[in-house]
file final05.tsv (TSV, C-alpha atoms and all ligand atoms)
chain	number	residue	atom	x	y	z
A	1	MET	CA	-10.30	28.77	-11.91
A	2	ALA	CA	-8.97	25.84	-13.97
A	3	GLY	CA	-5.53	24.75	-12.80
A	4	LYS	CA	-5.78	26.57	-9.44
A	5	SER	CA	-8.44	24.58	-7.59
A	6	LYS	CA	-7.62	22.60	-4.45
A	7	VAL	CA	-8.35	18.94	-4.84
A	8	THR	CA	-8.20	16.04	-2.43
A	9	LEU	CA	-7.17	12.61	-3.62
A	10	SER	CA	-8.31	9.78	-1.33
A	11	VAL	CA	-7.26	6.19	-1.89
A	12	ILE	CA	-9.18	3.95	0.49
A	13	LYS	CA	-8.87	0.17	0.37
A	14	ALA	CA	-10.12	-2.96	2.07
A	15	ASP	CA	-10.28	-6.71	1.56
A	16	VAL	CA	-14.02	-7.42	1.68
A	17	GLY	CA	-13.83	-10.99	0.40
A	18	GLY	CA	-11.53	-12.99	-1.86
A	19	PHE	CA	-12.03	-14.94	-5.09
A	20	VAL	CA	-10.64	-17.65	-5.12
A	21	GLY	CA	-9.34	-17.83	-1.53
A	22	HIS	CA	-7.15	-14.75	-1.11
A	23	THR	CA	-6.17	-14.49	-4.81
A	24	SER	CA	-8.43	-11.93	-6.47
A	25	ILE	CA	-11.82	-10.17	-6.38
A	26	HIS	CA	-15.10	-11.32	-7.91
A	27	PRO	CA	-16.38	-9.07	-10.75
A	28	GLU	CA	-19.69	-8.51	-8.88
A	29	ILE	CA	-17.78	-6.80	-6.05
A	30	LEU	CA	-16.08	-4.46	-8.50
A	31	ASP	CA	-19.39	-3.72	-10.24
A	32	THR	CA	-21.10	-2.98	-6.92
A	33	ALA	CA	-18.36	-0.56	-5.86
A	34	LYS	CA	-18.43	1.19	-9.26
A	35	GLU	CA	-22.20	1.57	-9.14
A	36	ARG	CA	-22.11	3.13	-5.66
A	37	LEU	CA	-19.36	5.58	-6.57
A	38	HIS	CA	-21.12	6.39	-9.85
A	39	ASN	CA	-24.22	7.36	-7.85
A	40	ALA	CA	-22.08	9.50	-5.51
A	41	LYS	CA	-20.58	11.28	-8.51
A	42	GLU	CA	-24.03	11.86	-10.05
A	43	LYS	CA	-25.12	13.48	-6.78
A	44	GLY	CA	-22.02	15.71	-6.80
A	45	ALA	CA	-20.61	14.14	-3.61
A	46	VAL	CA	-17.31	13.36	-5.35
A	47	LEU	CA	-15.54	14.89	-8.34
A	48	ASP	CA	-14.40	11.63	-9.88
A	49	TYR	CA	-13.54	8.03	-8.98
A	50	HIS	CA	-11.97	4.82	-10.17
A	51	VAL	CA	-12.27	1.31	-8.78
A	52	LEU	CA	-9.30	-1.03	-9.11
A	53	ARG	CA	-8.10	-4.14	-7.37
A	54	CYS	CA	-4.75	-5.64	-6.45
A	55	GLY	CA	-4.98	-9.31	-5.50
A	56	ASP	CA	-7.93	-9.58	-3.08
A	57	ASP	CA	-7.97	-5.86	-2.20
A	58	LEU	CA	-10.67	-3.47	-3.38
A	59	GLU	CA	-9.15	-0.05	-4.12
A	60	LEU	CA	-11.37	3.07	-4.18
A	61	ILE	CA	-9.68	6.06	-5.81
A	62	ILE	CA	-11.69	9.23	-5.23
A	63	THR	CA	-11.19	12.93	-5.96
A	64	HIS	CA	-13.22	15.57	-4.11
A	65	ASP	CA	-12.93	19.04	-2.64
A	66	ARG	CA	-13.56	18.29	1.04
A	67	GLY	CA	-10.01	17.85	2.37
A	68	CYS	CA	-8.38	14.89	4.13
A	69	ASP	CA	-10.17	12.89	6.86
A	70	ASN	CA	-13.57	14.11	5.65
A	71	PRO	CA	-16.39	12.17	7.39
A	72	ASP	CA	-18.64	12.19	4.28
A	73	ILE	CA	-15.94	10.74	2.03
A	74	HIS	CA	-14.84	8.20	4.64
A	75	GLY	CA	-18.51	7.37	5.27
A	76	LEU	CA	-19.04	6.84	1.54
A	77	ALA	CA	-16.07	4.44	1.38
A	78	TRP	CA	-17.30	2.60	4.48
A	79	ASN	CA	-20.76	2.21	2.90
A	80	VAL	CA	-19.23	0.88	-0.32
A	81	PHE	CA	-17.21	-1.68	1.66
A	82	THR	CA	-20.28	-2.65	3.71
A	83	VAL	CA	-22.49	-3.17	0.65
A	84	CYS	CA	-19.69	-5.10	-1.10
A	85	THR	CA	-19.35	-7.27	2.01
A	86	GLU	CA	-23.05	-8.13	1.74
A	87	VAL	CA	-22.47	-9.22	-1.87
A	88	ALA	CA	-19.40	-11.20	-0.77
A	89	LYS	CA	-21.49	-12.95	1.90
A	90	GLU	CA	-24.23	-13.82	-0.60
A	91	LEU	CA	-21.64	-15.31	-2.97
A	92	LYS	CA	-19.88	-17.00	-0.03
A	93	LEU	CA	-16.62	-15.39	-1.15
A	94	TYR	CA	-13.62	-16.06	1.03
A	95	GLY	CA	-13.20	-13.99	4.19
A	96	ALA	CA	-16.21	-11.74	3.49
A	97	GLY	CA	-15.80	-8.45	5.35
A	98	GLN	CA	-12.31	-9.49	6.46
A	99	ASP	CA	-10.95	-5.95	6.89
A	100	LEU	CA	-14.07	-4.31	8.40
A	101	LEU	CA	-13.08	-4.59	12.04
A	102	LYS	CA	-15.79	-2.37	13.57
A	103	ASP	CA	-19.57	-2.53	13.30
A	104	ALA	CA	-20.58	1.11	13.30
A	105	PHE	CA	-18.95	3.95	11.33
A	106	SER	CA	-17.67	6.69	13.60
A	107	GLY	CA	-16.53	9.47	11.24
A	108	ASN	CA	-13.22	8.16	9.92
A	109	VAL	CA	-12.27	4.77	8.51
A	110	LYS	CA	-8.78	5.03	10.03
A	111	GLY	CA	-8.66	2.60	12.93
A	112	MET	CA	-11.61	0.62	11.56
A	113	GLY	CA	-9.67	-1.70	9.23
A	114	PRO	CA	-9.44	-0.08	5.77
A	115	GLY	CA	-6.15	1.49	4.65
A	116	VAL	CA	-6.12	5.19	3.68
A	117	ALA	CA	-3.65	7.36	1.73
A	118	GLU	CA	-4.86	10.93	1.20
A	119	MET	CA	-3.46	14.26	0.12
A	120	GLU	CA	-4.84	17.71	-0.62
A	121	PHE	CA	-3.03	19.93	-3.11
A	122	THR	CA	-3.43	22.79	-5.53
A	123	GLU	CA	-3.42	21.35	-9.03
A	124	ARG	CA	-0.40	22.37	-11.03
A	125	LYS	CA	-0.58	23.29	-14.72
A	126	SER	CA	-0.38	19.56	-15.28
A	127	GLU	CA	-0.69	17.00	-12.50
A	128	PRO	CA	0.78	13.52	-13.17
A	129	ILE	CA	0.18	11.13	-10.27
A	130	LEU	CA	1.07	7.52	-9.55
A	131	ILE	CA	-0.94	5.35	-7.19
A	132	PHE	CA	0.76	2.22	-5.91
A	133	MET	CA	-1.28	-0.66	-4.50
A	134	ALA	CA	0.22	-3.79	-2.93
A	135	ASP	CA	-1.08	-7.19	-1.90
A	136	LYS	CA	0.34	-9.76	0.56
A	137	THR	CA	2.48	-7.28	2.38
A	138	SER	CA	2.51	-4.94	5.34
A	139	SER	CA	2.60	-1.22	5.91
A	140	GLY	CA	6.28	-0.35	5.87
A	141	ALA	CA	6.80	-1.90	2.43
A	142	TRP	CA	7.03	1.62	0.94
A	143	ASN	CA	9.91	2.76	3.19
A	144	LEU	CA	12.67	1.51	0.90
A	145	PRO	CA	11.25	2.75	-2.43
A	146	LEU	CA	10.33	6.12	-0.86
A	147	TYR	CA	13.89	6.54	0.36
A	148	LYS	CA	15.23	5.72	-3.09
A	149	VAL	CA	12.81	8.04	-4.89
A	150	PHE	CA	13.21	11.07	-2.62
A	151	ALA	CA	16.69	10.74	-1.12
A	152	ASP	CA	18.91	8.54	-3.30
A	153	PRO	CA	20.58	10.35	-6.23
A	154	PHE	CA	21.61	6.97	-7.70
A	155	ASN	CA	17.88	6.37	-8.25
A	156	THR	CA	16.62	9.90	-8.81
A	157	ALA	CA	18.85	11.95	-11.07
A	158	GLY	CA	16.69	15.02	-10.46
A	159	LEU	CA	18.01	15.30	-6.88
A	160	VAL	CA	21.33	16.30	-8.44
A	161	ILE	CA	20.41	17.96	-11.71
A	162	ASP	CA	17.02	19.66	-11.16
A	163	PRO	CA	17.50	22.97	-9.27
A	164	LYS	CA	13.95	22.66	-7.82
A	165	MET	CA	14.88	19.41	-6.09
A	166	MET	CA	18.41	20.20	-4.89
A	167	ALA	CA	17.23	21.19	-1.39
A	168	GLY	CA	15.87	17.68	-0.95
A	169	PHE	CA	12.76	16.30	0.74
A	170	SER	CA	11.41	15.87	4.27
A	171	PHE	CA	10.07	12.54	5.48
A	172	ARG	CA	7.40	12.34	8.16
A	173	VAL	CA	7.85	9.06	10.04
A	174	GLU	CA	5.27	7.42	12.30
A	175	ASP	CA	6.20	5.15	15.17
A	176	VAL	CA	3.23	2.80	14.86
A	177	LYS	CA	4.11	0.85	18.01
A	178	GLY	CA	5.33	3.55	20.41
A	179	GLY	CA	3.08	6.32	19.07
A	180	GLY	CA	4.23	9.75	17.90
A	181	GLU	CA	5.76	10.99	14.67
A	182	ILE	CA	8.87	12.88	13.61
A	183	THR	CA	9.91	14.83	10.50
A	184	LEU	CA	13.43	14.30	9.17
A	185	LYS	CA	15.00	16.49	6.50
A	186	CYS	CA	17.09	14.85	3.78
A	187	PRO	CA	19.87	15.02	2.76
A	188	PHE	CA	20.97	16.48	6.16
A	189	GLU	CA	19.32	13.82	8.34
A	190	THR	CA	19.64	10.88	5.93
A	191	HIS	CA	21.46	8.65	8.40
A	192	GLN	CA	18.95	9.26	11.19
A	193	LEU	CA	16.12	8.58	8.73
A	194	LEU	CA	17.65	5.27	7.64
A	195	ALA	CA	18.34	4.28	11.26
A	196	LEU	CA	14.58	4.49	11.85
A	197	ILE	CA	12.91	3.36	8.64
A	198	GLY	CA	15.09	0.28	8.21
A	199	THR	CA	12.83	-1.14	10.96
A	200	THR	CA	9.88	-1.46	8.61
A	201	SER	CA	7.60	-3.15	11.15
A	202	ARG	CA	7.68	-0.12	13.46
A	203	TYR	CA	8.73	3.11	11.73
A	204	MET	CA	6.73	4.06	8.68
A	205	VAL	CA	7.12	6.96	6.32
A	206	SER	CA	3.66	8.56	6.15
A	207	THR	CA	4.25	11.64	3.94
A	208	VAL	CA	7.06	13.25	1.97
A	209	CYS	CA	7.25	17.02	1.26
A	210	ARG	CA	9.63	19.12	-0.85
A	211	ASN	CA	11.98	21.14	1.37
A	212	SER	CA	12.04	24.28	-0.81
A	213	ASP	CA	8.30	25.02	-0.46
A	214	ASN	CA	6.81	22.23	1.70
A	215	GLU	CA	4.79	20.99	-1.31
A	216	ILE	CA	3.30	17.54	-0.62
A	217	ALA	CA	4.90	14.87	-2.82
A	218	ALA	CA	3.83	11.51	-1.37
A	219	ALA	CA	1.28	10.04	1.06
A	220	VAL	CA	1.05	6.50	2.33
A	221	SER	CA	-1.39	4.27	4.23
A	222	THR	CA	0.28	3.33	7.54
A	223	GLN	CA	-2.62	1.50	9.20
A	224	LYS	CA	-1.57	-1.83	10.74
A	225	LEU	CA	-4.49	-4.25	10.95
A	226	SER	CA	-2.93	-6.44	13.60
A	227	LEU	CA	-2.38	-3.43	15.90
A	228	ILE	CA	-5.99	-2.28	15.38
A	229	ALA	CA	-7.50	-5.69	16.03
A	230	GLY	CA	-4.93	-6.87	18.59
A	231	ARG	CA	-4.61	-10.13	16.67
A	232	TYR	CA	-3.99	-11.43	13.14
A	233	VAL	CA	-6.92	-10.59	10.89
A	234	GLY	CA	-5.29	-10.21	7.46
A	235	LYS	CA	-2.63	-8.18	5.77
A	236	ASP	CA	-2.35	-4.40	5.56
A	237	ASP	CA	-1.72	-4.45	1.79
A	238	PRO	CA	-0.85	-0.74	1.79
A	239	VAL	CA	-1.38	1.99	-0.83
A	240	MET	CA	0.69	5.05	-1.73
A	241	ILE	CA	0.19	8.24	-3.76
A	242	VAL	CA	3.15	9.98	-5.44
A	243	ARG	CA	2.98	13.26	-7.40
A	244	CYS	CA	5.48	13.49	-10.23
A	245	GLN	CA	7.38	15.84	-12.61
A	246	SER	CA	8.11	19.59	-12.69
A	247	GLY	CA	10.36	19.79	-9.65
A	248	LEU	CA	9.24	16.45	-8.23
A	249	PRO	CA	10.72	13.07	-9.21
A	250	ALA	CA	9.88	12.13	-12.80
A	251	VAL	CA	7.41	9.28	-13.42
A	252	GLY	CA	10.35	7.13	-14.52
A	253	GLU	CA	12.38	8.00	-11.42
A	254	VAL	CA	9.53	6.95	-9.15
A	255	LEU	CA	9.00	3.68	-11.04
A	256	GLU	CA	12.77	3.02	-11.16
A	257	ALA	CA	12.72	2.29	-7.40
A	258	PHE	CA	10.63	-0.82	-8.17
A	259	THR	CA	13.22	-2.40	-10.50
A	260	PHE	CA	14.69	-3.85	-7.29
A	261	PRO	CA	12.15	-6.36	-5.91
A	262	HIS	CA	13.04	-5.77	-2.26
A	263	LEU	CA	12.08	-8.23	0.46
A	264	VAL	CA	8.90	-7.41	2.35
A	265	SER	CA	6.94	-9.20	5.05
A	266	GLY	CA	3.43	-10.54	4.59
A	267	TRP	CA	3.69	-13.53	2.26
A	268	MET	CA	1.74	-16.70	3.21
A	269	ARG	CA	-0.21	-16.35	6.45
A	270	GLY	CA	1.31	-12.93	6.96
A	271	SER	CA	4.31	-14.73	8.38
A	272	HIS	CA	6.83	-14.96	5.56
A	273	THR	CA	9.27	-12.70	3.75
A	274	GLY	CA	9.36	-12.45	-0.04
A	275	PRO	CA	10.21	-10.11	-2.91
A	276	LEU	CA	7.77	-7.37	-3.94
A	277	MET	CA	7.04	-8.15	-7.60
A	278	PRO	CA	5.98	-5.21	-9.82
A	279	VAL	CA	3.22	-6.41	-12.17
A	280	SER	CA	0.61	-5.10	-14.57
A	281	PHE	CA	-3.02	-5.00	-13.41
A	282	TYR	CA	-3.99	-8.38	-14.90
A	283	GLU	CA	-1.01	-10.11	-13.26
A	284	ALA	CA	-1.87	-9.05	-9.73
A	285	ASN	CA	-3.11	-12.53	-8.76
A	286	PRO	CA	-0.77	-13.94	-6.13
A	287	THR	CA	-1.17	-17.72	-6.43
A	288	ARG	CA	2.29	-19.13	-5.67
A	289	PHE	CA	2.32	-19.88	-1.93
A	290	ASP	CA	-0.29	-17.05	-1.87
A	291	GLY	CA	2.29	-14.75	-3.41
A	292	PRO	CA	4.89	-13.59	-3.97
A	293	PRO	CA	3.79	-10.12	-2.79
A	294	ARG	CA	2.65	-7.86	-5.66
A	295	VAL	CA	2.61	-4.18	-6.44
A	296	ILE	CA	0.70	-2.44	-9.22
A	297	ALA	CA	1.03	1.20	-10.26
A	298	ALA	CA	-1.87	3.20	-11.73
A	299	GLY	CA	-0.93	6.43	-13.48
A	300	PHE	CA	-3.38	9.34	-13.73
A	301	GLN	CA	-3.37	12.89	-14.98
A	302	VAL	CA	-5.56	14.85	-12.57
A	303	ALA	CA	-7.33	17.63	-14.46
A	304	ASP	CA	-9.73	19.90	-12.53
A	305	GLY	CA	-10.40	17.00	-10.19
A	306	LYS	CA	-11.02	14.53	-13.05
A	307	LEU	CA	-8.95	11.36	-13.03
A	308	LEU	CA	-7.65	10.76	-16.57
A	309	GLY	CA	-6.51	7.14	-16.55
A	310	PRO	CA	-5.64	4.71	-15.20
A	311	HIS	CA	-2.54	3.89	-17.17
A	312	ASP	CA	-1.04	0.52	-16.19
A	313	MET	CA	2.52	1.68	-15.40
A	314	PHE	CA	4.24	-1.70	-14.87
A	315	ASP	CA	2.87	-2.98	-18.20
A	316	ASP	CA	6.30	-2.52	-19.73
A	317	PRO	CA	8.86	-5.19	-20.71
A	318	ALA	CA	11.47	-3.01	-18.99
A	319	PHE	CA	10.13	-4.52	-15.73
A	320	ASP	CA	10.46	-8.13	-16.97
A	321	SER	CA	13.93	-8.43	-15.43
A	322	ALA	CA	12.59	-7.27	-12.03
A	323	ARG	CA	9.81	-9.86	-12.34
A	324	ARG	CA	12.30	-12.58	-13.27
A	325	LEU	CA	14.53	-11.61	-10.36
A	326	ALA	CA	11.50	-11.70	-8.04
A	327	GLY	CA	10.78	-15.22	-9.37
A	328	ARG	CA	14.35	-16.36	-8.67
A	329	VAL	CA	14.36	-14.76	-5.22
A	330	SER	CA	11.04	-16.53	-4.53
A	331	ASP	CA	12.61	-19.90	-5.39
A	332	TYR	CA	15.54	-19.14	-3.11
A	333	MET	CA	13.41	-17.93	-0.20
A	334	ARG	CA	10.97	-20.84	-0.53
A	335	GLY	CA	13.94	-23.22	-0.25
A	336	HIS	CA	14.11	-22.23	3.44
A	337	GLY	CA	10.65	-23.69	4.12
A	338	PRO	CA	9.75	-22.98	7.75
A	339	PHE	CA	13.15	-21.49	8.58
A	340	GLU	CA	14.05	-17.86	9.17
A	341	PRO	CA	14.62	-15.48	7.48
A	342	HIS	CA	11.93	-16.71	5.01
A	343	ARG	CA	9.64	-17.31	7.97
A	344	LEU	CA	9.44	-14.09	9.96
A	345	PRO	CA	10.98	-13.85	13.45
A	346	GLU	CA	8.68	-15.17	16.16
A	347	ASP	CA	7.49	-11.75	17.38
A	348	GLU	CA	6.62	-10.57	13.86
A	349	MET	CA	4.67	-13.62	12.75
A	350	GLU	CA	0.98	-12.92	12.35
A	351	TYR	CA	0.15	-16.10	14.18
A	352	THR	CA	2.01	-19.04	15.63
A	353	THR	CA	1.52	-22.40	17.29
A	354	MET	CA	4.50	-21.73	19.61
A	355	PRO	CA	2.53	-21.36	22.89
A	356	GLU	CA	0.78	-24.68	22.17
A	357	VAL	CA	4.03	-26.40	21.17
A	358	LEU	CA	5.80	-25.16	24.30
A	359	LYS	CA	2.88	-26.27	26.48
A	360	LEU	CA	2.92	-29.71	24.88
A	361	LEU	CA	6.67	-30.02	25.49
A	362	GLU	CA	6.54	-28.55	29.00
A	363	GLY	CA	8.87	-30.32	31.40
A	364	ARG	CA	10.83	-31.98	28.62
A	365	PHE	CA	13.48	-29.24	28.40
A	366	LYS	CA	16.37	-30.60	30.54
A	367	LYS	CA	19.35	-28.66	31.78
A	368	ALA	CA	22.14	-29.12	29.20
A	401	LIG	C1	-1.59	-13.60	3.42
A	401	LIG	C2	-2.91	-14.22	3.18
A	401	LIG	C3	-2.95	-15.68	3.00
A	401	LIG	C4	-3.64	-16.39	4.17
A	401	LIG	C5	-3.62	-17.93	4.00
A	401	LIG	C6	-4.38	-18.62	5.12
A	401	LIG	O1	-1.73	-12.25	3.61
A	401	LIG	O2	-3.92	-13.58	3.14
A	401	LIG	O3	-1.66	-16.21	2.80
A	401	LIG	O4	-3.02	-16.03	5.36
A	401	LIG	O5	-4.21	-18.28	2.78
A	401	LIG	O6	-5.67	-18.12	5.14
A	401	LIG	P1	-6.81	-18.71	6.09
A	401	LIG	O7	-6.23	-18.69	7.48
A	401	LIG	O8	-7.93	-17.73	5.88
A	401	LIG	O9	-7.11	-20.09	5.61
A	402	MG	MG	-7.98	-11.83	1.82
A	403	MG	MG	-4.91	-8.68	0.31

call {"tool": "encode", "arguments": {"input": "final05.tsv", "output": "structure tokens", "more": "lines below"}}
Ligand code: F6R
Ligand code: MG
Ligand code: MG
result
Amino acid sequence: MAGKSKVTLSVIKADVGGFVGHTSIHPEILDTAKERLHNAKEKGAVLDYHVLRCGDDLELIITHDRGCDNPDIHGLAWNVFTVCTEVAKELKLYGAGQDLLKDAFSGNVKGMGPGVAEMEFTERKSEPILIFMADKTSSGAWNLPLYKVFADPFNTAGLVIDPKMMAGFSFRVEDVKGGGEITLKCPFETHQLLALIGTTSRYMVSTVCRNSDNEIAAAVSTQKLSLIAGRYVGKDDPVMIVRCQSGLPAVGEVLEAFTFPHLVSGWMRGSHTGPLMPVSFYEANPTRFDGPPRVIAAGFQVADGKLLGPHDMFDDPAFDSARRLAGRVSDYMRGHGPFEPHRLPEDEMEYTTMPEVLKLLEGRFKKA
């Protein structure tokens, strides 16, 4: 029945080859992905799809009725990435197949390189959704905006003045290094939540649910490429889905969190910190020092599984001041050159010459 069906929204992304360098994506890659997903839709394998890109990341946005972690949907995405990698190789695009870390598909793209944010929900009378996609940053970049959107009344007025939101939201947090996950209820456990998620390299918010009825509100990709591969292979460039309105944060409350271009890790060689700049689709080309890190927001109305959109949500002069601030913060951070805190601490850098330098200087450290 219209308005009552269960739908799954899967956002699956990978860097399959950059144009030019790590800046953007070649149109042939986008066309190839669209053609494959068009065929899948014709066959009835998916309800709807959209293909977008943020910087050098290919973003597949798919609706279907098969639930999260479905092997057919994940297999479809893997095939799209594999075919696009072939095109990238033919065109000698940069880092072709960069994020495809395994050779054979084994039922789920999680752990194979691509990033995945998925949620299954019953469509409301009207279903406004925002999909955020970032480039040149790591999983963990969403922690701060998610806290603001779902737990900070100075950002989200609805937490105070909408009766449906007064009971607050629960955050599921993954410990991506130690393993395990925990659910913390806000506002009661706000301080414990912040104690964890302030460490963005380790504790990552994976989903957010409304306390009053456990309705899913947000889902995030938490995959960390370096942990999967055991070495630096590229940036996570995570994605996030947020449902909005009618007892959930308003579209404008969700976007408000991005008026503060907070510092994230992942700029240049995955080893630098910089501000996350909210930009419209056509401005998601990080060229200054391979950055600064970017975020785009695609708005959709989901209607019986159809994706009406995308609407380019940061295409609004109201975000010019955030962009200008991000530009000024970039100047300031770049002034530090190879010094911390612009350069990440040694154990968080994606790669380093330190072992070689120390070997070269061996024996030259004298007792002071
Ligand atoms: C950051 C990123 C780029 C590259 C840099 C070096 O996430 O993708 O900053 O790290 O351009 O790339 P390679 O080592 O491929 O020359
Ligand atoms: Mg790349
Ligand atoms: Mg990227």

call {"tool": "residues_near_ligand", "arguments": {"input": "final05.tsv", "ligand": "ligand MG 403 (chain A)", "cutoff": "7 Å", "atoms": "all atoms listed in the file", "output": "PyMOL selection string"}}
result
chain A and resi 15+22+55-57+135-136+235+237

call {"tool": "closest_atom_pairs", "arguments": {"input": "final05.tsv", "of": "chain A", "to": "ligand LIG 401 (chain A)", "cutoff": "7 Å", "atoms": "only C-alpha atoms and all ligand atoms", "output": "Markdown table"}}
result
| residue | atom | partner | partner_atom | distance |
| --- | --- | --- | --- | --- |
| A:Gly21 | CA | A:LIG401 | O5 | 6.7 |
| A:His22 | CA | A:LIG401 | O2 | 5.5 |
| A:Gly95 | CA | A:LIG401 | O8 | 6.7 |
| A:Lys136 | CA | A:LIG401 | O1 | 4.4 |
| A:Thr137 | CA | A:LIG401 | O1 | 6.6 |
| A:Gly234 | CA | A:LIG401 | O1 | 5.6 |
| A:Lys235 | CA | A:LIG401 | O1 | 4.7 |
| A:Gly266 | CA | A:LIG401 | O1 | 5.5 |
| A:Trp267 | CA | A:LIG401 | C1 | 5.4 |
| A:Met268 | CA | A:LIG401 | O3 | 3.5 |
| A:Arg269 | CA | A:LIG401 | O4 | 3.0 |
| A:Gly270 | CA | A:LIG401 | O1 | 4.6 |
| A:Asp290 | CA | A:LIG401 | O3 | 4.9 |

call {"tool": "write_last_selection", "arguments": {"input": "final05.tsv", "atoms": "C-alpha atoms", "output": "compact mmCIF listing (two decimals), in the coordinates of the input"}}
result
# COMPACT_ATOMS: atom_id res chain seq x y z
CA GLY A 21 -9.34 -17.83 -1.53
CA HIS A 22 -7.15 -14.75 -1.11
CA GLY A 95 -13.20 -13.99 4.19
CA LYS A 136 0.34 -9.76 0.56
CA THR A 137 2.48 -7.28 2.38
CA GLY A 234 -5.29 -10.21 7.46
CA LYS A 235 -2.63 -8.18 5.77
CA GLY A 266 3.43 -10.54 4.59
CA TRP A 267 3.69 -13.53 2.26
CA MET A 268 1.74 -16.70 3.21
CA ARG A 269 -0.21 -16.35 6.45
CA GLY A 270 1.31 -12.93 6.96
CA ASP A 290 -0.29 -17.05 -1.87

call {"tool": "closest_residue", "arguments": {"input": "final05.tsv", "among": "A:Val20, A:Ala141, A:Gly97, A:Cys54", "to": "Val80 in chain A", "atoms": "all atoms listed in the file"}}
result
A:Gly97

call {"tool": "closest_residue", "arguments": {"input": "final05.tsv", "among": "A:Thr82, A:Gln98, A:Ser5, A:Asn70", "to": "ligand MG 402 (chain A)", "atoms": "all atoms listed in the file"}}
result
A:Gln98

call {"tool": "atom_distance", "arguments": {"input": "final05.tsv", "atom1": "CA of Pro278 in chain A", "atom2": "CA of Cys209 in chain A"}}
result
24.9 Å

call {"tool": "atom_distance", "arguments": {"input": "final05.tsv", "atom1": "CA of Ala303 in chain A", "atom2": "CA of Ser126 in chain A"}}
result
7.3 Å

call {"tool": "residues_around", "arguments": {"input": "final05.tsv", "residues": "range 194-207 of chain A", "least_positions_apart": "2", "cutoff": "8 Å", "atoms": "all atoms listed in the file", "output": "PyMOL selection string"}}
result
chain A and resi 138-144+146+171-177+190-192+209+216-222+348

call {"tool": "closest_residue", "arguments": {"input": "final05.tsv", "among": "A:Gly18, A:Pro153, A:Gly179, A:Gly309", "to": "ligand MG 402 (chain A)", "atoms": "only C-alpha atoms and all ligand atoms"}}
result
A:Gly18

call {"tool": "closest_residue", "arguments": {"input": "final05.tsv", "among": "A:Phe289, A:Phe300, A:Tyr332, A:Phe150", "to": "His50 in chain A", "atoms": "only C-alpha atoms"}}
result
A:Phe300

call {"tool": "closest_residue", "arguments": {"input": "final05.tsv", "among": "A:Ser265, A:Ser106, A:Ser226, A:Ser10", "to": "Ala134 in chain A", "atoms": "only C-alpha atoms"}}
result
A:Ser265

call {"tool": "atom_distance", "arguments": {"input": "final05.tsv", "atom1": "CA of Lys41 in chain A", "atom2": "CA of Glu28 in chain A"}}
result
19.8 Å

call {"tool": "closest_residue", "arguments": {"input": "final05.tsv", "among": "A:Val264, A:Ala298, A:Met354, A:Leu248", "to": "Ala326 in chain A", "atoms": "only C-alpha atoms"}}
result
A:Val264

call {"tool": "build_atoms", "arguments": {"input": "final05.tsv", "residues": "range 290-301 of chain A", "atoms": "N, CA and C atoms", "output": "compact mmCIF listing (two decimals), keeping the file's coordinate frame"}}
result
# COMPACT_ATOMS: atom_id res chain seq x y z
N ASP A 290 0.48 -18.31 -2.10
CA ASP A 290 -0.29 -17.05 -1.87
C ASP A 290 0.56 -15.82 -2.18
N GLY A 291 1.43 -15.90 -3.13
CA GLY A 291 2.29 -14.75 -3.41
C GLY A 291 3.01 -14.96 -4.73
N PRO A 292 4.24 -14.50 -4.90
CA PRO A 292 4.89 -13.59 -3.97
C PRO A 292 4.16 -12.25 -3.92
N PRO A 293 4.45 -11.42 -2.90
CA PRO A 293 3.79 -10.12 -2.79
C PRO A 293 3.83 -9.34 -4.10
N ARG A 294 2.75 -8.60 -4.39
CA ARG A 294 2.65 -7.86 -5.66
C ARG A 294 2.50 -6.37 -5.42
N VAL A 295 2.92 -5.61 -6.42
CA VAL A 295 2.61 -4.18 -6.44
C VAL A 295 2.19 -3.81 -7.85
N ILE A 296 1.10 -3.03 -7.94
CA ILE A 296 0.70 -2.44 -9.22
C ILE A 296 0.81 -0.92 -9.10
N ALA A 297 0.95 -0.26 -10.25
CA ALA A 297 1.03 1.20 -10.26
C ALA A 297 0.04 1.73 -11.28
N ALA A 298 -0.88 2.59 -10.83
CA ALA A 298 -1.87 3.20 -11.73
C ALA A 298 -1.49 4.66 -11.92
N GLY A 299 -1.28 5.04 -13.18
CA GLY A 299 -0.93 6.43 -13.48
C GLY A 299 -2.17 7.22 -13.88
N PHE A 300 -2.26 8.45 -13.38
CA PHE A 300 -3.38 9.34 -13.73
C PHE A 300 -2.84 10.73 -14.02
N GLN A 301 -3.51 11.44 -14.91
CA GLN A 301 -3.37 12.89 -14.98
C GLN A 301 -4.61 13.44 -14.28
